[in-house]
Structure formats: C-alpha cells, structure tokens
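K.L.:
Handing you a structure now.
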Amino acid sequence: MQLKEYKALSEIQEDLNQGHFSCEQLVNNYLKKIEESSSLNAFLEIFDESAIEQARLVDRKLSNKSAGRLAGMVIGIKDNIVYKGHKVSASSKMLENFESLFSATVVDRLIAEDAIIVGRLNCDEFAMGSSTENSAFGVTKNAQDQSYVPGGSSGGSAVAVQAGLCLASLGSDTGGSIRQPASYCGIIGLKPTYGRVSRNGLIAFASSFDQIGPFANSVEDIALLTEIISGHDSMDSTSSNKEVPEFYKSVKNLDRTKKYRIAYIKDCLDHPGLNTEVKAAVNRQIELLKQNGHSVEPISYPFLDFMVPAYYILTTAEASSNLARYDGVHFGYRSPNAKNLEETYVYSRSEAFGTEVKRRIMLGTYVLSAGYYDAYYGKAQKVRRILRDKTNQIFDDFDFILSPTTTNSAFKIGQKSNDPIEMYLEDIFTVQANLVGTPAISLPLGRTANNMPFGLQLMARSFEEQNLLNFSALLMNMN
Ligand code: GLN
C-alpha cells in the first residue's frame with residue numbers, strides 16, 4: 001500500500017483515526033521508502049524490529065483511545081542521541097558497534113507520547129562539520145541533487161525529512177548543525193534555547209553550546225516536538241526549570257493580527273560572501289514583512305568577525321575535554337596493536353578518530369594549555385560575554401533578529417573538504433545563537449538558480465520559543 005507524502009502529523013492522525021491505515025502500515029510504508037532511497041545514505045541503521053513493535057502497540061492504544069500526542073509520528077534520530085538497546089556511534093569508528101544502556105531523555109519523552117523511532121541518522125563525526133562528509137560511514141547526499149552536500153553536522157536528519165523517509169527527526173546544534181542543513185534541504189529546523197531541552201543522552205561535543213532540536217516540514221510539528229522534548233530534567237543540571245508553554249496550541253490558534261519588531265544586522269546583508277540571490281530573497285522578505293505591518297529595521301552589530309573565531313576556540317577546548325573519555329579502556333574502540341597502556345591510548349585514538357576530530361582535539365588542547373590559556377581560551381570567554389550582552393541588548397528593542405541562515409545554497413560534495421577555514425565560515429550566521437544561548441530557527445526561503453534551497457534564520461530572546469514559533473507560522477503563510 002502506497003501512502004501519500006505527508007507533511008504534518010495532524011494529516012496523518014486524521015487518516016489514522018478514520019481507519020485509512022494502521023500505524024504498522026504507516027511504518028512499513030516508510031521502511032520501504034528508506035530502502036528505496038538507500039543511495040542518499042541518510043540512515044546508518046534502521047530500527048525496523050523495534051519500530052514495528054512500537055507501531056503495533058500504538059495501534060492497540062489508538063483502538064482503545066489511549067494513544068499519546070505523537071501517535072503516528074515516525075521519527076529518526078541523529079546518531080549522537082542514545083536509545084536503550086540500540087547502537088549509537090556518533091558516526092565515528094570509535095563507537096562503531098557501541099550499544100547504549102539507556103535512552104536519552106528526549107527519546108523517553110518522545111516514546112512516552114507514542115512516537116515511533118525508525119532509525120539513526122548519519123552525521124559528521126561527533127557532530128563536527130558542516131557537510132556530513134566527516135562521517136566515518138560515508139557522506140549523506142542532498143536529496144534535491146545527489147552531487148551536493150546536505151549540510152551538517154545533522155545531514156542525515158535533514159535529508160531523511162527532505163526525502164520523506166520519516167515525518168520528522170531530531171538533530172543537535174552546537175554551532176548551526178540543525179539550521180544549516182535545514183537551509184540546504186529546504187525544510188524547517190529549530191535550535192531551542194540552551195537549557196530548554198535536556199542533553200542527557202546526547203553524546204557531548206561542546207557542552208556549553210550543544211542543544212537538541214527538531215527538523216520537520218511544518219511549524220506545527222516543530223512546535224509540538226519542541227514542547228514534548230522541552231523541560232527540566234534532573235539528569236541534566238543545565239536544563240532549565242522554566243515552565244514550557246503550550247507551543248503547539250499557540251501555533252494552532254495563531255493570533256494573525258499581532259505585529260512584531262524585527263532587526264537585521266546590516267553587516268550580515270552586506271557580507272561580501274553573501275550570494276546575490278540569497279540577499280535578494282532576504283530583502284524581498286523584509287519588504288513583505290513591512291507590507292504586512294511589521295517593523296523591520298537595520299541595526300549595527302560590528303562583531304561578525306569575532307564570532308567564528310570565538311566559537312572555534314571555545315568549542316574545540318570543550319571538545320578536547322569531552323573526547324578525553326575515549327581512551328581505548330572505558331568503552332569504544334581499542335587498538336589490537338597496543339602492547340601497553342600508553343600504546344592503548346595512543347593507538348586507539350589515532351586509529352579510530354577521523355582527521356577533523358583530531359584537528360579539533362589538538363586545537364582545543366593547545367588553547368587550553370598553560371602557556372596559551374589566557375591568550376586564547378580566557379580571551380574567547382570574554383568575547384563570548386560581550387557578544388552575549390550586545391545581543392541581549394538588541395532584544396531590549398526587538399522581538400527577532402533576521403538573517404540568511406547560510407551565505408549560499410548547498411555546495412558540491414568535495415568542494416570544501418580540503419579547506420577547513422572555508423568550512424568553518426559556513427557557520428558565520430549560525431554560531432551567534434549558540435554563543436549567546438538564544439533560540440533560532442531556519443525556515444525555507446528560496447532557491448538559487450540551480451534549484452538548490454536556502455533558508456531564512458530568525459533568532460529570539462532566550463526562552464522565547466513561543467514568539468519565535470508563532471511568528472514562523474505567520475511568516476510561512478505570508479504573501
Ligand atoms: N559546523 C559547526 C562545527 O563544525 C557546527 C557543528 C554543530 O553544530 N554540531 O562545529
């Protein structure tokens with residue numbers, strides 16, 4: 001049975017409730033599509049057995065009217081989010097065949113609402129990268145044109161939704177890893193406020209930046225998933241105990257009369273690397289917003305050049321510390337060539353980490369070393385504080401900061417893989433939200449002449465996801 005391509009959970013639930021098909025049939029339908037699209041390399045593993053089992057359970061719950069809010073939601077998870085009894089590798093040889101003993105809090109929360117987790121999705125190794133080319137298990141391809149990257153690091157999560165291989169997915173965003181691939185795949189991706197969503201069970205990259213968030217085709221689904229995965233968790237002391245508003249309800253009952261104040265950073269739109277088609281599309285969007293009665297104003301924020309360097313100093317420092325646990329002893333890969341403890345450490349790490357991960361561990365170790373700590377790590381911390389204060393000042397006068405998500409649409413596979421600096425500049429517009437901790441969303445905006453998509457980014461004050469989601473829903477229907 002071939003089902004139509006659904007773009008929102010509410011449509012699926014309507015058809016499920018009318019008995020057009022069962023959850024089991026729905027899952028089988030997705031499994032078939034995943035199989036047929038294997039050349040995209042979005043999934044590293046399909047959890048077919050547990051997915052079907054869960055589908056049968058949800059079917060039973062549907063028939064006795066006890067199903068949760070995510071009944072009918074078939075979802076994939078990035079390969080750095082753990083799921084009890086299932087493998088998780090962070091797309092690294094280091095964790096190949098590693099099986100998790102527990103589930104991430106987000107996974108528990110999804111399942112408690114009857115979501116069906118269909119598999120784990122390819123990403124850059126330990127979420128370090130912007131193209132998914134750094135996976136130890138092959139590159140994921142953009143479903144629009146397979147010669148292009150999907151973005152990264154959550155490339156598999158983005159492509160799975162883009163190609164309709166699952167309805168939604170989870171990714172993680174440390175410097176743009178949800179928003180940049182969402183932009184390149186023409187879908188929606190949200191990075192929640194730092195602390196909004198528990199990181200328990202997310203394989204750590206840079207702990208003061210990492211945040212889990214959803215990919216989907218509709219703002220409603222993004223709102224519902226964010227609402228369900230958000231909230232305090234005693235297993236993550238950085239998770240906030242701020243109340244989680246009813247995001248979904250508010251998006252469904254949208255106040256279409258509300259007018260917002262939007263700022264855009266002049267330097268972003270004047271950035272020399274900005275593709276002219278992207279710039280024109282952002283300018284058109286600004287005009288449209290004004291025509292609809294919103295105020296949109298240029299502001300000065302002369303710190304753009306500091307963001308990527310501060311981000312790479314701080315995140316590599318944190319990564320070098322987080323990745324010290326992969327020592328060939330505790331868990332993960334152990335070199336068969338080592339004859340003593342020292343060799344166990346050195347060979348295991350040398351043989352199992354990829355080039356980019358090694359580069360970051362070395363950079364991070366360097367910026368934290370006694371002689372250079374003040375010059376790099378200490379200074380970058382100060383810069384982070386300034387960026388945070390200055391960004392929060394903008395939110396005294398505005399609801400959102402608008403920018404392109406990326407300077408261009410997707411690049412070709414291989415085009416930037418030999419130039420780390422070029423690759424790092426991919427993050428120019430996205431790292432601000434992680435440095436500051438604010439929520440940010442990427443919405444599909446347009447396509448370049450080669451028909452590849454690109455997105456619009458909106459950033460809001462910390463814990464203002466509600467406003468951000470409402471405005472996103474408004475914007476997606478604006479013309
Ligand atoms: N591209 C950025 C990096 O390589 C972002 C990664 C991420 O958000 N996980 O660090």
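Just so we're on the same page: first chain in the structure tokens is A, next is B, and so on; residues restart at 1 for each chain, and ligands are numbered from 1 in the order they show up.
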Within 10 Å of Cys23 of chain A, counting only C-alpha atoms, which residues qualify if same-chain residues fewer than 2 places away don't, as a ChimeraX atom specification?

P.N.:
/A:12-13,16,19,21,25-29,51-52,54-60,62,71-74,116

K.L.:
Using only C-alpha atoms and all ligand atoms, which protein or nucleic acid residues are at most 7 Å from ligand 1, as a tab-separated table (two decimals) with N, CA and C atoms, in the first residue's frame?

P.N.:
```
chain	number	residue	atom	x	y	z
A	127	ALA	N	29.61	15.19	15.53
A	127	ALA	CA	28.89	16.43	15.17
A	127	ALA	C	29.83	17.57	14.79
A	128	MET	N	31.03	17.23	14.34
A	128	MET	CA	31.99	18.27	13.95
A	128	MET	C	32.06	18.37	12.44
A	129	GLY	N	31.41	19.40	11.92
A	129	GLY	CA	31.44	19.59	10.48
A	129	GLY	C	30.21	20.31	9.99
A	130	SER	N	30.21	20.62	8.69
A	130	SER	CA	29.11	21.38	8.09
A	130	SER	C	28.61	20.73	6.81
A	152	GLY	N	25.57	20.11	7.42
A	152	GLY	CA	25.91	19.27	8.56
A	152	GLY	C	26.00	20.09	9.82
A	153	SER	N	26.22	19.48	10.94
A	153	SER	CA	26.53	18.08	11.01
A	153	SER	C	25.34	17.14	10.97
A	172	SER	N	21.21	17.74	16.52
A	172	SER	CA	21.79	18.55	17.58
A	172	SER	C	22.49	19.73	16.93
A	173	ASP	N	22.53	20.83	17.67
A	173	ASP	CA	23.06	22.08	17.12
A	173	ASP	C	24.03	22.69	18.12
A	174	THR	N	25.29	22.72	17.75
A	174	THR	CA	26.34	23.29	18.59
A	174	THR	C	26.77	24.64	18.03
A	175	GLY	N	26.69	24.74	16.69
A	175	GLY	CA	27.07	25.99	16.03
A	175	GLY	C	26.26	26.23	14.76
A	176	GLY	N	25.24	25.41	14.57
A	176	GLY	CA	24.42	25.56	13.36
A	176	GLY	C	23.99	24.25	12.75
A	177	SER	N	24.32	23.16	13.42
A	177	SER	CA	24.13	21.83	12.83
A	177	SER	C	22.70	21.40	12.60
A	178	ILE	N	21.73	22.15	13.10
A	178	ILE	CA	20.34	21.88	12.71
A	178	ILE	C	19.94	22.88	11.62
A	424	TYR	N	34.68	26.26	8.09
A	424	TYR	CA	34.31	26.92	9.35
A	424	TYR	C	33.48	28.19	9.08
A	426	GLU	N	31.21	28.49	7.01
A	426	GLU	CA	29.82	28.09	6.83
A	426	GLU	C	28.96	28.53	8.01
A	427	ASP	N	29.60	28.66	9.18
A	427	ASP	CA	28.86	28.89	10.42
A	427	ASP	C	28.69	30.36	10.76
```

K.L.:
Which of these residues is nearest to Ala206 of chain A, using only C-alpha atoms: A:Ile46, A:Ala90, A:Leu456, A:Ala317?

P.N.:
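Once distances to Ala206 of chain A are computed over only C-alpha atoms, the minimum belongs to A:Ala317.
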
K.L.:
Would you pick out the contacts of segment 80-84 of chain A at 10 Å or less, using only C-alpha atoms, so that residues sharing its chain but fewer than 5 positions from it are not included, and give the list as a count of residues only?

P.N.:
36

K.L.:
For segment 317-382 of chain A against segment 428-441 of chain A, with a cut-off of 12 Å and counting only C-alpha atoms, what is the closest atom pair and its distance in Å to one decimal for every residue that makes the cut, ordered by chain and number, as a tab-separated table?

P.N.:
```
residue	atom	partner	partner_atom	distance
A:Ala380	CA	A:Leu435	CA	10.4
A:Gln381	CA	A:Leu435	CA	9.7
A:Lys382	CA	A:Leu435	CA	11.4
```

K.L.:
Give the answer as one residue: which of A:Tyr148, A:Tyr264, A:Ala115, A:Lys258 has the shortest atom-to-atom distance to Thr391 of chain A, using only C-alpha atoms?

P.N.:
A:Tyr264

K.L.:
With DSSP run on the backbone, what are the strand (DSSP E or B) residues within segment 139-361 of chain A? I'd like them as a PyMOL selection string.

P.N.:
chain A and resi 148+168-172+188-191+197+202+212-216+230+261-265+295-299

K.L.:
Can you work out which one of A:Ser250, A:Ser234, A:Asn467, A:Arg388 has the shortest atom-to-atom distance to Met307 of chain A, counting only C-alpha atoms?

P.N.:
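Checking each candidate against Met307 of chain A, we get A:Arg388 as the closest.
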
K.L.:
Per residue of segment 146-227 of chain A within 9 Å of segment 447-453 of chain A, which atom pair is closest and at what distance in Å (one decimal), using only C-alpha atoms, listed by chain and increasing number, as CSV?

P.N.:
```
residue,atom,partner,partner_atom,distance
A:Tyr148,CA,A:Met452,CA,8.9
A:Ser183,CA,A:Pro453,CA,6.6
A:Tyr184,CA,A:Pro453,CA,5.5
A:Cys185,CA,A:Pro453,CA,6.1
A:Gly186,CA,A:Pro453,CA,5.1
A:Ile187,CA,A:Pro453,CA,8.8
```

K.L.:
For the contact check between segment 158-189 of chain A and segment 39-42 of chain A, emit one row per residue of segment 158-189 of chain A within 12 Å, containing the shortest atom pair and the distance in Å rounded to one decimal, counting only C-alpha atoms, chain then rising number order, as a Markdown table.

P.N.:
```
| residue | atom | partner | partner_atom | distance |
| --- | --- | --- | --- | --- |
| A:Ala158 | CA | A:Ala42 | CA | 8.4 |
| A:Val159 | CA | A:Ala42 | CA | 6.2 |
| A:Ala160 | CA | A:Ala42 | CA | 5.9 |
| A:Val161 | CA | A:Ala42 | CA | 9.7 |
| A:Gln162 | CA | A:Ala42 | CA | 10.4 |
| A:Ala163 | CA | A:Leu40 | CA | 9.0 |
| A:Gly164 | CA | A:Ala42 | CA | 11.2 |
| A:Leu165 | CA | A:Ala42 | CA | 9.0 |
| A:Cys166 | CA | A:Ala42 | CA | 10.8 |
| A:Ser169 | CA | A:Ala42 | CA | 11.4 |
```
